[in-house]
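Below: run-v5.cif (mmCIF, C-alpha atoms)
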data_final
#
loop_
_atom_site.label_atom_id
_atom_site.label_comp_id
_atom_site.auth_asym_id
_atom_site.auth_seq_id
_atom_site.Cartn_x
_atom_site.Cartn_y
_atom_site.Cartn_z
CA MET I 1 48.65 35.95 -5.68
CA VAL I 2 47.89 36.36 -2.04
CA GLU I 3 49.82 38.88 -0.06
CA ARG I 4 52.08 38.28 2.83
CA ASP I 5 49.69 40.01 5.28
CA ASP I 6 47.17 37.23 4.92
CA ALA I 7 49.78 34.66 5.78
CA VAL I 8 50.37 36.47 9.04
CA ASP I 9 46.62 36.46 9.71
CA LEU I 10 46.53 32.73 9.06
CA MET I 11 49.16 32.25 11.70
CA GLY I 12 47.10 34.26 14.12
CA LEU I 13 44.11 32.07 13.41
CA LEU I 14 46.02 28.86 14.00
CA SER I 15 47.88 29.87 17.15
CA VAL I 16 45.39 31.37 19.56
CA GLU I 17 46.80 32.20 23.00
CA GLY I 18 45.88 29.66 25.66
CA GLN I 19 44.08 27.28 23.29
CA ASP I 20 45.25 23.88 22.18
CA LEU I 21 43.66 23.77 18.75
CA ALA I 22 45.53 20.59 17.84
CA ALA I 23 43.94 18.81 20.81
CA SER I 24 40.44 19.87 19.77
CA TRP I 25 41.24 18.73 16.25
CA VAL I 26 42.29 15.31 17.52
CA SER I 27 39.06 14.93 19.55
CA GLU I 28 36.93 16.02 16.61
CA VAL I 29 38.55 13.50 14.23
CA SER I 30 38.63 10.79 16.88
CA GLY I 31 34.88 11.18 17.37
CA SER I 32 34.19 10.77 13.66
CA LEU I 33 36.33 7.61 13.44
CA LYS I 34 34.56 6.03 16.42
CA GLY I 35 37.71 4.76 18.06
CA ARG I 36 38.87 2.68 15.11
CA ILE I 37 42.27 4.32 15.36
CA GLY I 38 44.15 4.49 18.66
CA ARG I 39 43.97 7.90 20.34
CA ALA I 40 47.75 8.03 20.79
CA GLU I 41 48.41 7.26 17.13
CA LEU I 42 45.89 9.81 15.94
CA ASP I 43 47.30 12.38 18.33
CA ARG I 44 50.82 11.85 16.97
CA GLU I 45 49.66 11.94 13.31
CA LEU I 46 47.59 15.08 13.62
CA ARG I 47 50.00 17.02 15.82
CA GLU I 48 52.79 16.38 13.33
CA LEU I 49 50.49 17.51 10.56
CA TYR I 50 49.40 20.56 12.54
CA ASP I 51 52.96 21.64 13.25
CA ALA I 52 53.96 21.14 9.64
CA LEU I 53 50.96 23.14 8.46
CA VAL I 54 51.66 26.02 10.85
CA GLU I 55 55.26 26.05 9.73
CA ALA I 56 54.36 25.98 6.03
CA LEU I 57 51.88 28.84 6.47
CA GLY I 58 54.47 30.74 8.49
CA GLN I 59 56.76 30.51 5.51
CA GLY I 60 54.06 32.05 3.36
CA ALA I 61 52.67 28.98 1.59
CA VAL I 62 49.29 29.71 0.02
CA ASP I 63 48.53 26.60 -1.99
CA VAL I 64 48.98 22.86 -1.71
CA HIS I 65 51.62 22.55 -4.41
CA ALA I 66 53.88 25.24 -2.94
CA GLU I 67 57.45 24.29 -2.13
CA GLN I 68 56.90 25.06 1.58
CA MET I 69 54.04 22.53 1.74
CA SER I 70 56.19 19.49 0.88
CA GLU I 71 56.33 18.33 4.50
CA VAL I 72 52.53 18.65 4.82
CA ARG I 73 52.04 16.71 1.60
CA ALA I 74 54.37 13.93 2.75
CA LEU I 75 52.50 13.58 6.05
CA LEU I 76 49.11 13.64 4.34
CA THR I 77 50.23 11.04 1.83
CA GLU I 78 51.26 8.75 4.66
CA LEU I 79 47.98 9.35 6.47
CA SER I 80 45.82 8.63 3.39
CA ARG I 81 47.82 5.53 2.51
CA ASN I 82 47.39 4.16 6.01
CA ARG I 83 43.66 4.89 6.02
CA ALA I 84 43.21 3.27 2.60
CA ARG I 85 45.05 0.12 3.72
CA GLN I 86 43.09 -0.05 6.97
CA GLY I 87 39.83 0.02 5.02
CA PHE I 88 38.51 3.46 5.94
CA SER I 89 36.17 5.18 3.49
CA PRO I 90 37.25 8.27 1.51
CA SER I 91 35.02 10.47 3.70
CA GLU I 92 36.53 9.10 6.87
CA THR I 93 39.95 9.88 5.45
CA ALA I 94 39.20 13.40 4.27
CA ILE I 95 37.43 14.32 7.50
CA SER I 96 40.86 14.43 9.14
CA VAL I 97 41.54 17.56 7.13
CA PHE I 98 38.08 19.08 7.02
CA ALA I 99 37.58 18.76 10.78
CA LEU I 100 40.18 21.48 11.24
CA LYS I 101 37.85 23.97 9.54
CA ARG I 102 35.18 23.28 12.12
CA ILE I 103 37.64 23.74 14.96
CA LEU I 104 38.54 27.18 13.63
CA GLU I 105 34.94 28.36 13.33
CA PRO I 106 34.82 29.93 16.83
CA ALA I 107 37.49 32.39 15.62
CA LEU I 108 34.82 33.90 13.36
CA ARG I 109 32.58 34.83 16.29
CA ASP I 110 34.36 38.05 17.17
CA GLY I 111 33.64 39.01 13.59
CA SER I 112 36.74 40.99 12.71
CA ALA I 113 37.17 41.40 8.97
CA GLU I 114 40.75 40.10 9.06
CA ASN I 115 39.69 36.91 10.80
CA VAL I 116 36.96 36.27 8.28
CA ARG I 117 39.35 36.80 5.39
CA ALA I 118 41.99 34.63 7.00
CA TYR I 119 39.42 31.90 7.65
CA LEU I 120 38.23 31.94 4.04
CA LEU I 121 41.77 31.71 2.73
CA LEU I 122 42.67 28.93 5.14
CA GLY I 123 39.41 27.20 4.22
CA ARG I 124 40.50 27.20 0.60
CA ILE I 125 43.88 25.74 1.47
CA LEU I 126 42.25 23.07 3.63
CA ASP I 127 39.83 22.20 0.81
CA GLU I 128 42.78 21.65 -1.49
CA LEU I 129 44.50 19.54 1.13
CA GLY I 130 41.30 17.51 1.52
CA LEU I 131 41.18 16.87 -2.22
CA PHE I 132 44.84 15.94 -2.17
CA THR I 133 44.06 13.43 0.58
CA ILE I 134 41.26 11.86 -1.46
CA GLU I 135 43.46 11.65 -4.54
CA THR I 136 46.20 9.89 -2.62
CA TYR I 137 43.62 7.62 -1.06
CA THR I 138 42.22 6.66 -4.47
CA ARG I 139 45.67 6.07 -5.89
CA THR I 140 46.50 3.75 -3.01
CA ARG I 141 43.24 1.85 -3.48
CA ASP I 142 43.97 1.50 -7.22
CA GLU I 143 47.38 0.09 -6.41
CA LEU I 144 45.78 -2.38 -4.00
CA ILE I 145 43.24 -3.44 -6.62
CA THR I 146 45.92 -3.93 -9.27
CA ALA I 147 47.99 -6.00 -6.86
CA GLN I 148 44.97 -8.13 -5.99
CA ALA I 149 44.10 -8.63 -9.66
CA GLU I 150 47.63 -9.90 -10.22
CA GLN I 151 47.34 -12.23 -7.25
CA LEU I 152 44.05 -13.50 -8.61
CA LEU I 153 45.71 -14.16 -11.94
CA GLU I 154 48.19 -16.40 -10.18
CA LEU I 155 45.63 -18.08 -7.95
CA SER I 156 43.05 -18.81 -10.57
CA THR I 157 45.26 -21.00 -12.73
CA PRO I 158 46.44 -24.00 -10.76
CA VAL I 159 47.91 -26.95 -12.59
CA VAL I 160 46.97 -30.17 -10.82
CA ARG I 161 48.42 -33.65 -11.21
CA LEU I 162 45.60 -36.17 -11.67
CA TRP I 163 47.72 -39.27 -12.21
CA ASP I 164 51.24 -40.25 -13.08
CA GLY I 165 51.84 -38.46 -16.37
CA VAL I 166 48.45 -36.74 -16.45
CA ILE I 167 48.03 -33.08 -15.51
CA ALA I 168 44.97 -30.83 -15.68
CA VAL I 169 44.24 -27.10 -15.69
CA PRO I 170 40.73 -26.26 -14.50
CA LEU I 171 39.94 -22.85 -16.00
CA VAL I 172 37.44 -20.62 -14.24
CA GLY I 173 36.13 -17.27 -15.42
CA THR I 174 37.06 -15.16 -18.38
CA LEU I 175 40.07 -16.01 -20.49
CA ASP I 176 41.82 -12.88 -21.66
CA SER I 177 45.26 -12.60 -23.19
CA ALA I 178 47.05 -12.01 -19.90
CA ARG I 179 45.46 -15.01 -18.20
CA THR I 180 45.94 -17.30 -21.16
CA GLN I 181 49.60 -16.38 -21.21
CA VAL I 182 49.89 -17.41 -17.55
CA VAL I 183 47.93 -20.61 -18.17
CA MET I 184 50.07 -21.54 -21.16
CA GLU I 185 53.34 -20.90 -19.32
CA LYS I 186 52.22 -22.84 -16.25
CA LEU I 187 50.92 -25.75 -18.30
CA LEU I 188 54.08 -26.08 -20.39
CA GLN I 189 56.30 -25.77 -17.32
CA ALA I 190 54.22 -28.39 -15.49
CA LEU I 191 54.58 -30.77 -18.45
CA VAL I 192 58.35 -30.51 -18.07
CA ASP I 193 58.40 -30.63 -14.26
CA THR I 194 56.16 -33.67 -13.95
CA GLY I 195 57.31 -35.41 -17.10
CA SER I 196 53.67 -35.71 -18.17
CA GLU I 197 52.54 -36.54 -21.66
CA GLN I 198 48.83 -35.98 -21.12
CA ALA I 199 47.30 -32.60 -20.39
CA ILE I 200 43.63 -31.84 -19.81
CA ILE I 201 42.30 -28.30 -20.14
CA ASP I 202 38.95 -28.16 -18.38
CA ILE I 203 36.73 -25.22 -19.34
CA THR I 204 33.67 -26.13 -17.25
CA GLY I 205 34.05 -22.83 -15.41
CA VAL I 206 34.43 -20.67 -18.51
CA PRO I 207 31.07 -18.97 -19.18
CA ALA I 208 31.59 -18.17 -22.86
CA VAL I 209 34.06 -19.16 -25.56
CA ASP I 210 34.50 -16.48 -28.20
CA THR I 211 37.00 -16.47 -31.06
CA GLN I 212 39.74 -14.96 -28.94
CA VAL I 213 39.37 -17.56 -26.19
CA ALA I 214 39.31 -20.30 -28.83
CA GLN I 215 42.41 -18.91 -30.46
CA HIS I 216 44.22 -18.82 -27.12
CA LEU I 217 43.18 -22.42 -26.43
CA LEU I 218 44.33 -23.55 -29.85
CA LYS I 219 47.72 -21.88 -29.41
CA THR I 220 48.20 -23.48 -26.01
CA ILE I 221 47.37 -26.90 -27.43
CA VAL I 222 49.75 -26.49 -30.37
CA ALA I 223 52.53 -25.42 -27.99
CA ALA I 224 51.89 -28.48 -25.81
CA LYS I 225 51.93 -30.69 -28.91
CA LEU I 226 55.32 -29.29 -29.88
CA MET I 227 56.56 -30.50 -26.52
CA GLY I 228 55.31 -33.98 -27.27
CA ALA I 229 52.23 -33.83 -25.05
CA GLU I 230 48.67 -34.66 -25.99
CA CYS I 231 45.95 -32.24 -24.94
CA THR I 232 42.28 -32.87 -24.29
CA VAL I 233 39.75 -30.09 -23.82
CA SER I 234 36.96 -31.05 -21.43
CA GLY I 235 33.89 -29.44 -19.94
CA ILE I 236 32.30 -28.14 -23.12
CA SER I 237 28.69 -27.47 -22.19
CA PRO I 238 25.85 -27.84 -24.73
CA GLN I 239 25.41 -24.07 -25.07
CA ILE I 240 29.14 -23.50 -25.62
CA ALA I 241 29.25 -26.32 -28.19
CA GLN I 242 26.39 -24.70 -30.14
CA THR I 243 28.01 -21.28 -29.93
CA ILE I 244 31.32 -22.61 -31.23
CA VAL I 245 29.54 -24.25 -34.16
CA ALA I 246 27.63 -21.07 -35.01
CA LEU I 247 30.79 -18.99 -34.79
CA GLY I 248 32.44 -21.40 -37.23
CA ILE I 249 35.49 -22.19 -35.11
CA GLU I 250 37.10 -25.46 -36.11
CA PHE I 251 38.69 -27.59 -33.43
CA ASP I 252 40.26 -29.88 -36.01
CA GLY I 253 42.55 -32.50 -34.61
CA ILE I 254 41.77 -31.54 -31.04
CA VAL I 255 40.21 -34.10 -28.78
CA THR I 256 37.31 -32.74 -26.78
CA LYS I 257 35.22 -34.39 -24.10
CA ALA I 258 32.03 -33.33 -22.34
CA SER I 259 33.33 -33.96 -18.83
CA LEU I 260 36.62 -34.02 -16.96
CA ALA I 261 35.92 -37.66 -16.00
CA ASP I 262 35.75 -38.69 -19.65
CA ALA I 263 38.92 -36.78 -20.42
CA LEU I 264 40.74 -38.50 -17.53
CA LYS I 265 39.58 -41.92 -18.72
CA LEU I 266 40.91 -41.16 -22.18
CA ALA I 267 44.21 -39.82 -20.85
CA LEU I 268 44.69 -42.93 -18.72
CA ARG I 269 43.95 -45.22 -21.65
CA ARG I 270 46.42 -43.31 -23.78
CA SER I 271 49.12 -43.67 -21.16
CA GLY I 272 48.45 -47.40 -20.93
CA VAL I 273 46.56 -47.57 -17.66
CA ASP I 274 43.59 -49.92 -17.53
CA LEU I 275 40.76 -49.27 -15.13
CA VAL I 276 39.23 -52.55 -14.05
CA ALA I 277 36.18 -52.85 -11.83
CA GLN I 278 36.60 -55.34 -9.00
CA GLN I 279 34.60 -58.47 -9.48
CA GLY I 280 31.30 -58.32 -7.67
CA ALA I 281 31.61 -54.61 -7.04
CA LEU I 282 28.65 -52.44 -7.85
CA ARG I 283 29.09 -50.45 -11.01
CA MET J 284 17.42 -0.80 -38.73
CA THR J 285 16.04 1.34 -35.95
CA THR J 286 16.11 -0.15 -32.53
CA PRO J 287 12.72 -0.04 -30.78
CA TRP J 288 13.95 0.27 -27.22
CA GLN J 289 11.27 -0.91 -24.86
CA ALA J 290 9.32 1.87 -23.21
CA GLY J 291 10.51 2.61 -19.70
CA ALA J 292 13.71 0.66 -20.22
CA GLU J 293 16.28 3.08 -21.54
CA PRO J 294 19.40 1.37 -22.85
CA ARG J 295 22.53 1.75 -20.75
CA SER J 296 25.76 2.88 -22.31
CA TYR J 297 29.13 1.30 -21.54
CA PRO J 298 32.49 2.62 -22.71
CA ILE J 299 34.90 0.38 -24.62
CA HIS J 300 38.41 1.66 -24.07
CA ARG J 301 40.41 -1.23 -22.64
CA SER J 302 40.09 -4.98 -22.62
CA SER J 303 38.84 -5.02 -19.02
CA ASP J 304 35.74 -3.12 -20.24
CA LEU J 305 34.72 -6.23 -22.18
CA VAL J 306 34.10 -8.06 -18.91
CA HIS J 307 31.54 -5.44 -17.83
CA ILE J 308 29.81 -5.58 -21.19
CA ARG J 309 29.55 -9.37 -21.09
CA GLN J 310 28.11 -9.17 -17.58
CA ALA J 311 25.61 -6.47 -18.57
CA VAL J 312 24.45 -8.45 -21.61
CA ARG J 313 24.22 -11.59 -19.51
CA ALA J 314 22.02 -9.83 -16.93
CA LEU J 315 19.74 -8.44 -19.66
CA SER J 316 19.49 -11.80 -21.42
CA GLN J 317 18.48 -13.48 -18.17
CA GLU J 318 15.97 -10.73 -17.37
CA CYS J 319 14.50 -11.01 -20.85
CA GLY J 320 14.10 -14.77 -20.52
CA LEU J 321 16.37 -15.99 -23.30
CA SER J 322 17.19 -19.71 -23.18
CA LEU J 323 20.61 -20.70 -21.88
CA VAL J 324 21.86 -21.40 -25.41
CA ASP J 325 20.58 -18.05 -26.69
CA GLN J 326 22.07 -16.26 -23.68
CA THR J 327 25.47 -17.74 -24.44
CA LYS J 328 25.13 -16.86 -28.13
CA MET J 329 24.17 -13.26 -27.38
CA ILE J 330 27.00 -12.84 -24.85
CA THR J 331 29.52 -14.31 -27.25
CA ALA J 332 28.36 -12.09 -30.12
CA ALA J 333 28.57 -9.03 -27.85
CA SER J 334 32.04 -10.07 -26.78
CA GLU J 335 33.19 -10.39 -30.41
CA LEU J 336 31.76 -7.05 -31.50
CA ALA J 337 33.02 -5.21 -28.43
CA ARG J 338 36.50 -6.53 -29.12
CA ASN J 339 36.24 -5.40 -32.75
CA THR J 340 35.20 -1.94 -31.55
CA LEU J 341 38.25 -1.88 -29.29
CA VAL J 342 40.84 -3.43 -31.61
CA TYR J 343 39.79 -2.18 -35.05
CA GLY J 344 37.65 0.85 -34.17
CA GLY J 345 40.12 2.23 -31.65
CA GLY J 346 37.54 2.18 -28.85
CA GLY J 347 33.99 3.44 -28.62
CA ALA J 348 30.86 2.60 -26.70
CA VAL J 349 27.98 0.15 -26.60
CA ARG J 350 24.35 0.79 -25.73
CA THR J 351 22.43 -2.25 -24.62
CA GLY J 352 18.91 -2.80 -23.39
CA LEU J 353 15.64 -4.65 -23.83
CA VAL J 354 13.64 -4.23 -27.01
CA GLY J 355 10.09 -5.07 -27.99
CA ALA J 356 8.23 -5.22 -31.30
CA ASP J 357 5.03 -6.97 -32.37
CA ALA J 358 4.67 -8.64 -28.96
CA ARG J 359 8.18 -10.00 -29.25
CA ARG J 360 10.81 -9.33 -26.63
CA GLY J 361 14.52 -9.33 -27.06
CA VAL J 362 17.92 -7.97 -26.12
CA ALA J 363 19.69 -5.47 -28.34
CA ALA J 364 23.17 -3.99 -28.37
CA VAL J 365 24.52 -1.15 -30.50
CA PHE J 366 28.30 -0.91 -30.91
CA GLU J 367 29.63 2.41 -32.07
CA ASP J 368 33.12 3.62 -32.86
CA ALA J 369 34.61 6.58 -34.70
CA GLY J 370 37.45 4.54 -36.15
CA PRO J 371 38.63 4.12 -39.76
CA GLY J 372 35.47 2.24 -40.84
CA ILE J 373 35.46 -0.90 -42.98
CA PRO J 374 36.46 -0.30 -46.62
CA ASP J 375 35.16 -3.62 -47.97
CA VAL J 376 32.23 -4.93 -45.93
CA GLU J 377 31.75 -8.05 -48.04
CA GLN J 378 35.36 -9.05 -47.51
CA ALA J 379 35.15 -8.28 -43.77
CA MET J 380 32.08 -10.54 -43.49
CA THR J 381 33.91 -13.47 -45.10
CA ASP J 382 34.80 -16.36 -42.80
CA GLY J 383 38.49 -16.47 -42.06
CA TRP J 384 39.37 -13.04 -43.40
CA THR J 385 41.03 -10.69 -40.96
CA SER J 386 42.98 -7.47 -41.19
CA GLY J 387 44.47 -8.24 -37.78
CA SER J 388 45.76 -11.39 -36.12
CA GLY J 389 42.50 -13.04 -35.03
CA LEU J 390 40.74 -16.05 -36.50
CA GLY J 391 38.69 -13.88 -38.84
CA LEU J 392 35.42 -15.25 -37.52
CA GLY J 393 34.33 -12.51 -35.12
CA LEU J 394 32.17 -10.40 -37.41
CA SER J 395 30.79 -13.20 -39.58
CA GLY J 396 30.36 -15.46 -36.56
CA ALA J 397 28.52 -12.78 -34.60
CA ARG J 398 26.04 -12.43 -37.45
CA ARG J 399 25.25 -16.15 -37.24
CA LEU J 400 24.87 -15.98 -33.45
CA VAL J 401 22.09 -13.37 -33.41
CA ASP J 402 18.69 -12.90 -35.07
CA ASP J 403 19.08 -9.34 -36.40
CA PHE J 404 22.38 -7.94 -37.53
CA ASP J 405 22.92 -4.50 -39.02
CA LEU J 406 26.27 -3.02 -40.02
CA ARG J 407 26.70 0.60 -41.05
CA THR J 408 30.11 1.86 -41.97
CA ALA J 409 31.95 4.19 -44.30
CA PRO J 410 35.68 4.66 -44.70
CA GLY J 411 36.84 7.30 -42.24
CA GLU J 412 33.44 7.62 -40.60
CA GLY J 413 33.44 4.84 -38.05
CA THR J 414 31.25 1.78 -37.72
CA VAL J 415 27.91 1.08 -36.07
CA VAL J 416 26.82 -2.52 -35.53
CA THR J 417 23.38 -3.33 -34.13
CA ILE J 418 22.44 -6.82 -32.98
CA VAL J 419 19.20 -8.22 -31.56
CA LYS J 420 18.39 -11.62 -30.11
CA TRP J 421 14.65 -12.34 -29.78
CA VAL J 422 13.00 -14.61 -27.24
CA ARG J 423 11.69 -17.73 -28.93
#

What is this structure when it is put down as structure tokens?
Amino acid sequence: MVERDDAVDLMGLLSVEGQDLAASWVSEVSGSLKGRIGRAELDRELRELYDALVEALGQGAVDVHAEQMSEVRALLTELSRNRARQGFSPSETAISVFALKRILEPALRDGSAENVRAYLLLGRILDELGLFTIETYTRTRDELITAQAEQLLELSTPVVRLWDGVIAVPLVGTLDSARTQVVMEKLLQALVDTGSEQAIIDITGVPAVDTQVAQHLLKTIVAAKLMGAECTVSGISPQIAQTIVALGIEFDGIVTKASLADALKLALRRSGVDLVAQQGALR
Amino acid sequence: MTTPWQAGAEPRSYPIHRSSDLVHIRQAVRALSQECGLSLVDQTKMITAASELARNTLVYGGGGAVRTGLVGADARRGVAAVFEDAGPGIPDVEQAMTDGWTSGSGLGLGLSGARRLVDDFDLRTAPGEGTVVTIVKWVR
């Protein structure tokens, strides 16, 4: 453990008579961020942080996870979260902490042993705080990514009404269990909401159909059948058709079509709609 | 079967620990298949086989890793992938390779189907010692 004397030295380092270290800190950080954060906002953020840090050190805190540091951690968490949301890089975020080390360097010039020791100790604390900042930053980014992935899940599975009683789901990308679940729920709900009896699942945008994707498709189709709807799978490309055959998946009893247009024609015929070309019109 | 990785093209290793890893593996195999010059049908077959085996590694092997890269032998070029896990192994390989048989809840076509999708297929396993599956698709 570090002794109380060092904590006093740290205080001495951070509160030099007649010098506004916080102001130098703000200019240093502001320079590195190239004006992408308002000076006033940065000034407020860093001064709060500075005061909290001085107070924590005054109370004898020597590492980041100490009880006395809770205020500092809260402020840093807020700072990193804001930076992550505003699209700053991890370095640009951590520099807010590390810049303080540079500001304190002049204190080493007089070369007293106490100052050097205090600087090294403070350096260690600031390093830990910097790492803490990066960790918070990463966690925030992870949360953002997860939220976006969920949004994408919602976005990527629209159910569209093609005709009275005919709905279609154009699938794009990889079908995993989570997405298929969403697709199935949306499709079944749309069958009820629109009173449709024909559903088309278009897989033109699905790059590969493996056994799991096929199984998910089959389950969706069986569920739709139970609700009295007829399903057509369209958009099976030549390479996917050959892959399905080689895999040995059987699409027994399931109507498949090469294109969405063919599937729509079939669905219309099944629901009793005739498409008639106008006489004399070009075909 | 030893895999003759092409000189100067070390295989890259990808972890298989969650289902989102499968997406990266499919993309990596797709990129290699395109680089190697496989036809569109063969690309799709190779990607699908890799997807099946990676899922087996995850679901039945409890996770593992895959090494994939370009291979060459006798003036032939191809794409290879080696799936490795330290799971329970397969007690009865013949049964596991039978169409429609599964110890889980799938269609039971993954392993047998993957063998039909590729040119070379090698399965090494022992109960309690994990499973290693090597597949190669050659350029025609």

- Task: For the file shown, report as an NGL selection string the outcome of the PyMOL selection byres ((chain J) within 12 of (chain I)) at residue level.
- Result: :J and (301-307 or 309-310 or 313 or 322-339 or 342 or 381-383 or 388-401)

Name the residues captured by the PyMOL selection byres ((chain I and resi 27) around 12) when it is applied to the shown file; answer as a ChimeraX atom specification. /I:20-26,28-35,37-40,42-43,46-47,96,99-100,102-103

In Å, how far is it from CA of Ile95 (chain I) to CA of Met11 (chain I)?
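Between these atoms lies a distance of 21.8 Å.
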
query: Can you tell me how far CA of Val62 (chain I) sits from CA of Arg44 (chain I), in Å to one decimal?
result: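 Spanning CA of Val62 (chain I) to CA of Arg44 (chain I) is a straight-line distance of 24.7 Å.
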
- Task: Do a neighbour search on Lys225 (chain I) at 10 Å with only C-alpha atoms, toss out local chain neighbours closer than 4 positions, and write the hits as a PyMOL selection string.
- Result: chain I and resi 188+197-199+219-221+229-231
